[in-house]
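Peer 1: Sharing a structure here in structure tokens format.
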Amino acid sequence: MPVTSRARLSWLRALPLLARPITLTMPWPALLAGCLAGIAYLAVLAHLGGTLQPLGPGNLRLAFLPAIAAVAFVPRAPFRPLTQTTPVPAWVGPAGQLLLAAPILALTCWAQLLIVAHTSPPHTLSHPAAYPVIAQFTGWCAVTVAAAACTGRSRYADLGGAVAAPVGFAAVALAWYAPITGRFMAEPPATSRGVTVAWYAVASFASVLTFVAMRDQWHHYSRKVR
Amino acid sequence: MSVLRPRTVLGLARAEAWLLVRSLLVLAGLLAGGFALWLYFRQMEQPTWWDAAWRIGWGQLILGMAVLAAAQLAAGRVRRNGLADLYASFPATAPTRTLAHLAGLAGAVPASLLLAGAVTAVLQARGAFGTPDLAVLAGGPLLVIAAGAAGVAIGSRFPHPLAGALGALALLFSSVTSHLTSGAAIWLAPWQLEADQLANLPGPLAGYPPARAHAMELACLAVLAGIVALAVTVRHTRTWGGLAAAGLVAVAAICFAGVLQLRPIPTAGLNQLVSEVAALASVQRCTSASQVRYCLYPGFGAQLPSLEAPVDAVLAHLPARPAQPLTVRQVAGLSLPDSTLTHGHPEPEVSQWTAQVQRAPGNASAAPASAIYVPLAWAGGGQLADAHFDLALAAAEWAVRLPGAGGVFTSGEEFQPCVPVDQAREAVAIWLAILATHPPAGELEAGLGGLGTGRGFQGVEVGNALVPAWNSPGSGSVIPPGGGPQTTAVGYLLAKEMTGLPEARVERILDGAWPAWLNWRTTDARLAAALGLAVPRVSAPSLPPRVTGPDASPPQAAVCQ
């Protein structure tokens with residue numbers, strides 16, 4: 001292996017050491033509060049009216065929103081100007097936090113699907129109905145994370161989550177209700193397959209954007225510090 | 001002991017109000033609220049103020065969510081930035097700052113008034129029927145202020161921005177789940193969405209919604225949230241006592257407002273409503289145009305051109321009309337039993353109203369063979385162009401004598417329409433409707449469902465065979481004569497091919513043997529041969545064996561005759 005590549009990848013050896021600080025700096029209260037709020041909302045709905053009126057994808061999508069708001073606060077790189085000077089790339093921290101958040105979000109999605117399936121008559125939320133919903137959740141999370149990562153690289157880095165959460169909501173609402181996008185991203189009129197493909201495409205694009213934003217080396221200062 | 005200096009409070013409040021006026025979140029909420037209202041009202045033919053005034057509250061709810069988040073961010077600013085100790089050294093105490101945040105909510109009022117005012121002006125310019133109820137409209141700004149006060153209360157205790165987002169979502173959830181409650185309890189939510197029948201009322205109904213009591217509830221909620229916000233920041237026991245007493249008074253006032261909202265709607269109002277819905281002839285005004293009678297509720301005259309246009313366009317292509325004249329009649333579409341309307345009234349009275357409404361035109365089985373029923377909110381929330389196509393198709397079905405005669409009722413009293421299998425008049429009717437309204441080809445194709453994309457099949461069982469079906473755009477916007485038939489995929493595909501031919505040529509061929517084309521025995525093949533077309537082929541899967549017993553298959557549809 002060439003010397004430059006070896007030097008470039010030497011930070012990989014530091015990864016095990018980083019696991020603990022990344023876990024400790026993870027915004028667990030915010031993430032868990034968001035995930036549990038959605039589950040609690042569905043549980044209350046199921047308790048109040050689930051037997052009379054089965055919960056549907058609409059309720060499920062609403063229940064995703066608190067988790068979407070919470071995920072906006074996950075990718076954070078505090079003291080970025082300092083961490084950028086260390087041998088380990090600055091994006092490793094936020095990326096590690098996103099990796100830690102992924103199973104929590106998957107668990108939340110699974111629990112919410114389970115609650116809705118529990119109130120539905122058999123076979124109404126089986127595989128064909130659930131997969132577009134999972135695609136939407138993935139897409140919404142990815143868009144919100146991308147917004148947070150982009151804000152994190154702007155002069156409003158401290159407000160990353162506070163900006164990304166409403167941006168994520170706005171993106172979801174626009175995709176759903178705007179006449180142009182609604183045709184491809186909302187079901188109906190789009191088919192389940194179309195919705196799934198569209199949201200996974202959005203998620204892929206948002207992930208690339210997140211990756212680019214997190215690797216960005218630009219300093220926040222708009223003018224020279226004297 | 002801290003002293004609240006009014007001048008300090010006013011000065012800080014002015015600054016906070018200015019920040020709220022300039023807040024990007026509030027501006028985004030204003031735009032989102034306006035966008036939501038535009039989506040709702042853009043397709044509405046003629047809005048009615050008793051419905052529209054409450055719907056404006058939807059936009060206010062979205063603005064309120066943004067104001068809640070902005071107020072939470074503002075109130076939590078000191079603790080979020082870790083500057084509590086620094087601020088404690090300032091002359092303005094924490095309760096003073098909280099009071100200033102609460103007074104600064106005045107900065108959200110211009111946005112709320114702008115939203116309500118702009119939508120009101122647009123609706124008025126579009127000829128909305130009736131007069132706006134100021135008490136309902138006033139509820140909007142009160143909702144925004146109450147949401148902002150809740151944001152201040154949340155921010156005083158929880159500075160993390162997520163708390164504001166969750167608070168805003170809680171406000172949304174409380175409104176979208178109001179349908180889970182029953183009776184008048186739907187009005188207890190901050191702003192209930194879609195659990196009412198306001199759009200189906202032919203006129204305003206006193207006490208529905210209970211606007212004044214609801215406005216009082218919102219005002220008291222705002223006061224209570226303000227008291228909670230102050231209680232979080234105040235440290236003195238004596239002040240705590242005063243706040244607790246004020247809080248109890250606010251809770252009592254909220255309960256009182258709740259009780260007022262739960263009062264039954266006056267019997268006289270409900271009697272009048274039921275008579276307006278059930279006895280159409282006594283209330284509606286009829287006008288004749290092109291030998292078609294249009295019967296509308298008083299004040300809905302502005303809808304007449306929109307109804308006339310598709311019907312006239314169909315009639316213009318007809319060689320001859322049926323002997324019995326067509327009547328296009330507006331129906332209310334009110335549905336009973338509905339506890340949000342009849343709560344608190346004796347059971348016999350409710351049963352009587354329910355029976356009357358269920359027998360009313362539009363709610364009863366089907367329209368007569370020479371009448372089309374148009375619901376009050378016929379294009380509400382849907383595509384106006386689709387509704388026009390549905391009306392044109394209904395008129396065309398009347399013109400080719402293709403009402404749903406032969407339709408049957410299932411054991412559940414659900415009307416199952418007949419199917420014009422291999423009948424030329426069906427293709428003629430669809431062709432007339434397409435010529436009259438020129439709907440987008442994509443929407444017509446979408447009616448084939450999976451058949452259009454080769455990935456599925458939708459059909460109806462007729463005579464032990466599956467007939468591929470076609471659902472017309474806007475299907476269900478109007479109630480066609482005799483309930484209307486279930487259109488078939490072959491009929492649509494043949495009509496589509498007919499639209500590719502010169503119009504004059506098709507008209508000449510139809511004119512030449514019009515009575516023959518109206519005969520239910522005249523087949524698609526004969527029409528296609530006359531036009532020089534091939535009959536479209538649609539393959540249908542074979543029917544599974546019929547199940548007998550308790551899980552028996554639904555009855556088969558009949559062939560239209």
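In the structure tokens, chains take the letters A, B, ... in the order shown, each chain's residues start at 1, and ligands count up from 1 in the order shown.
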As number ranges by chain, which residues of segment 255-450 of chain B does DSSP assign to helix (DSSP H, G or I)?

Peer 2: B: 255-261, 267-278, 280-283, 301-315, 339-342, 347-358, 384-399, 424-437, 441-446, 450

Peer 1: Pick out the residues sitting within 8 Å of segment 95-111 of chain A, and hand them over as number ranges by chain; count only C-alpha atoms, and ignore anything fewer than 4 positions along from it in its own chain.

Peer 2: A: 19, 22-23, 26, 31, 35-36, 39, 64, 67, 71, 74-75, 91, 115, 134, 137

Peer 1: Give me the residues within 8 Å of segment 311-320 of chain B as a list in words, counting only C-alpha atoms and dropping any in the same chain fewer than 5 places off.

Peer 2: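 Result of the neighbour search: Ser290, Leu391, Ala392, Ala395, Ala396, Ala399, Leu432, Ala433, Leu435, Ala436, Thr437, Glu507, Leu510, Asp511 and Trp514 of chain B.
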
Peer 1: Tell me, counting only C-alpha atoms, for each residue of chain A within 10 Å of chain B, which pair of atoms is nearest and how far apart they are in Å to one decimal, in rows ordered by chain and increasing number, as a Markdown table.

Peer 2:
```
| residue | atom | partner | partner_atom | distance |
| --- | --- | --- | --- | --- |
| A:Pro29 | CA | B:Leu162 | CA | 9.9 |
| A:Ala30 | CA | B:Leu162 | CA | 6.7 |
| A:Leu31 | CA | B:Leu162 | CA | 9.2 |
| A:Ala33 | CA | B:Leu162 | CA | 8.7 |
| A:Gly34 | CA | B:Leu166 | CA | 7.4 |
| A:Ala37 | CA | B:Leu166 | CA | 7.9 |
| A:Gly38 | CA | B:Leu166 | CA | 9.6 |
| A:Tyr41 | CA | B:Phe173 | CA | 8.0 |
| A:Leu45 | CA | B:Thr177 | CA | 7.9 |
| A:Leu48 | CA | B:Leu180 | CA | 7.1 |
| A:Gly49 | CA | B:Leu180 | CA | 5.9 |
| A:Gly50 | CA | B:Leu180 | CA | 9.1 |
| A:Leu52 | CA | B:Leu180 | CA | 9.1 |
| A:Gln53 | CA | B:Leu180 | CA | 8.3 |
| A:Asn59 | CA | B:Thr177 | CA | 9.2 |
| A:Leu62 | CA | B:Phe173 | CA | 7.9 |
| A:Ala63 | CA | B:Phe173 | CA | 9.0 |
| A:Leu65 | CA | B:Leu169 | CA | 7.7 |
| A:Pro66 | CA | B:Leu166 | CA | 6.2 |
| A:Ala67 | CA | B:Leu166 | CA | 9.5 |
| A:Ala69 | CA | B:Ala165 | CA | 6.7 |
| A:Ala70 | CA | B:Leu162 | CA | 6.5 |
| A:Val71 | CA | B:Leu162 | CA | 9.8 |
| A:Ala72 | CA | B:Leu162 | CA | 8.9 |
| A:Phe73 | CA | B:Leu162 | CA | 7.9 |
| A:Asp158 | CA | B:Asn81 | CA | 9.9 |
| A:Leu159 | CA | B:Pro161 | CA | 8.7 |
| A:Gly161 | CA | B:Pro161 | CA | 7.6 |
| A:Ala162 | CA | B:Pro161 | CA | 5.7 |
| A:Val163 | CA | B:Leu25 | CA | 8.9 |
| A:Ala165 | CA | B:Ala165 | CA | 7.5 |
| A:Pro166 | CA | B:Ala165 | CA | 8.1 |
| A:Val167 | CA | B:Ala28 | CA | 9.7 |
| A:Ala170 | CA | B:Ala32 | CA | 8.1 |
| A:Ala173 | CA | B:Ala32 | CA | 8.9 |
| A:Leu174 | CA | B:Ala32 | CA | 9.3 |
| A:Tyr177 | CA | B:Leu39 | CA | 7.9 |
| A:Ala178 | CA | B:Leu39 | CA | 8.4 |
| A:Pro179 | CA | B:Leu39 | CA | 8.9 |
| A:Pro189 | CA | B:Ala446 | CA | 9.0 |
| A:Thr191 | CA | B:Gly450 | CA | 9.8 |
```

Peer 1: Find the spatial neighbours of Val152 of chain B, counting only C-alpha atoms, within a cut-off of 7 Å - ignore same-chain residues fewer than 4 positions away - and output them as a CSV table (one decimal) with C-alpha atoms, in the first residue's frame.

Peer 2:
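The resulting file, result39.csv, is shown below:
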```
chain,number,residue,atom,x,y,z
B,71,ALA,CA,-42.2,31.1,21.1
B,72,GLN,CA,-40.6,28.0,22.7
B,75,ALA,CA,-38.5,31.5,25.9
B,101,HIS,CA,-42.4,36.8,26.1
B,102,LEU,CA,-46.2,36.4,26.7
B,148,GLY,CA,-47.7,30.8,21.4
B,156,SER,CA,-39.6,28.1,30.2
B,229,ALA,CA,-45.1,29.8,32.2
```

Peer 1: Determine, counting only C-alpha atoms, which protein, DNA and RNA residues have an atom within 8 Å of an atom of Arg157 of chain B; residues of the same chain fewer than 3 positions away are not included. Present the result as a VMD selection string.

Peer 2: chain B and resid 76 153 to 154 229 232

Peer 1: Keeping N, CA and C atoms, export the residues of the selection given above as a PDB file, in the first residue's frame.

Peer 2:
```
ATOM      1  N   GLY B  76     -36.859  29.658  25.624  1.00  0.00           N
ATOM      2  CA  GLY B  76     -35.795  28.770  26.100  1.00  0.00           C
ATOM      3  C   GLY B  76     -34.399  29.263  25.760  1.00  0.00           C
ATOM      4  N   ALA B 153     -44.680  28.529  27.705  1.00  0.00           N
ATOM      5  CA  ALA B 153     -44.699  27.651  28.885  1.00  0.00           C
ATOM      6  C   ALA B 153     -43.727  26.484  28.702  1.00  0.00           C
ATOM      7  N   ILE B 154     -43.728  25.900  27.515  1.00  0.00           N
ATOM      8  CA  ILE B 154     -42.827  24.763  27.254  1.00  0.00           C
ATOM      9  C   ILE B 154     -41.372  25.235  27.303  1.00  0.00           C
ATOM     10  N   ALA B 229     -46.478  29.264  32.492  1.00  0.00           N
ATOM     11  CA  ALA B 229     -45.148  29.796  32.150  1.00  0.00           C
ATOM     12  C   ALA B 229     -44.597  30.643  33.289  1.00  0.00           C
ATOM     13  N   VAL B 232     -43.525  28.529  36.316  1.00  0.00           N
ATOM     14  CA  VAL B 232     -42.245  27.827  36.151  1.00  0.00           C
ATOM     15  C   VAL B 232     -41.087  28.738  36.542  1.00  0.00           C
TER      16      VAL B 232
END
```

Peer 1: If you count only C-alpha atoms, which residues fall within 12 Å of Glu187 of chain A, apart from same-chain ones fewer than 4 positions away, as a ChimeraX atom specification?

Peer 2: /A:57-58,129,132-133,136,175-177,181-183,191-196,198-199

Peer 1: Go ahead and save the picked residues with C-alpha atoms, as a PDB file, in the first residue's frame.

Peer 2:
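So the final result, stored in part-v1.pdb, reads:
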```
ATOM      1  CA  PRO A  57     -51.238   4.604   6.983  1.00  0.00           C
ATOM      2  CA  GLY A  58     -52.354   8.194   7.633  1.00  0.00           C
ATOM      3  CA  ALA A 129     -49.163  -1.945   2.213  1.00  0.00           C
ATOM      4  CA  PRO A 132     -44.235   2.083   0.796  1.00  0.00           C
ATOM      5  CA  VAL A 133     -44.703   3.381   4.336  1.00  0.00           C
ATOM      6  CA  GLN A 136     -41.509   7.076   3.101  1.00  0.00           C
ATOM      7  CA  ALA A 175     -43.975  16.281  -1.468  1.00  0.00           C
ATOM      8  CA  TRP A 176     -47.372  15.161  -0.280  1.00  0.00           C
ATOM      9  CA  TYR A 177     -49.658  18.035  -1.090  1.00  0.00           C
ATOM     10  CA  THR A 181     -44.892  16.098  -6.582  1.00  0.00           C
ATOM     11  CA  GLY A 182     -48.034  14.524  -5.117  1.00  0.00           C
ATOM     12  CA  ARG A 183     -48.544  12.599  -8.341  1.00  0.00           C
ATOM     13  CA  THR A 191     -48.995   3.357  -6.943  1.00  0.00           C
ATOM     14  CA  SER A 192     -47.350   1.657  -3.948  1.00  0.00           C
ATOM     15  CA  ARG A 193     -44.448   0.648  -6.147  1.00  0.00           C
ATOM     16  CA  GLY A 194     -44.079   4.173  -7.533  1.00  0.00           C
ATOM     17  CA  VAL A 195     -44.138   5.711  -4.059  1.00  0.00           C
ATOM     18  CA  THR A 196     -41.518   3.245  -2.852  1.00  0.00           C
ATOM     19  CA  ALA A 198     -39.653   7.659  -5.496  1.00  0.00           C
ATOM     20  CA  TRP A 199     -38.930   7.828  -1.764  1.00  0.00           C
TER      21      TRP A 199
END
```

Peer 1: Work out how far atom CA of Leu143 of chain B is from atom CA of Trp191 of chain B, in Å to one decimal.

Peer 2: 8.0 Å

Peer 1: Give me the residues within 12 Å of Gln330 of chain B as an MDAnalysis selection string, counting only C-alpha atoms and dropping any in the same chain fewer than 5 places off.

Peer 2: chainID B and resid 200:202 276:281 283:286 293:301 303:304 307 360:362 367 371:378 477:479

Peer 1: Using Å and a single decimal, report how far atom CA of Pro54 of chain A sits from atom CA of Ala199 of chain B.

Peer 2: 25.0 Å
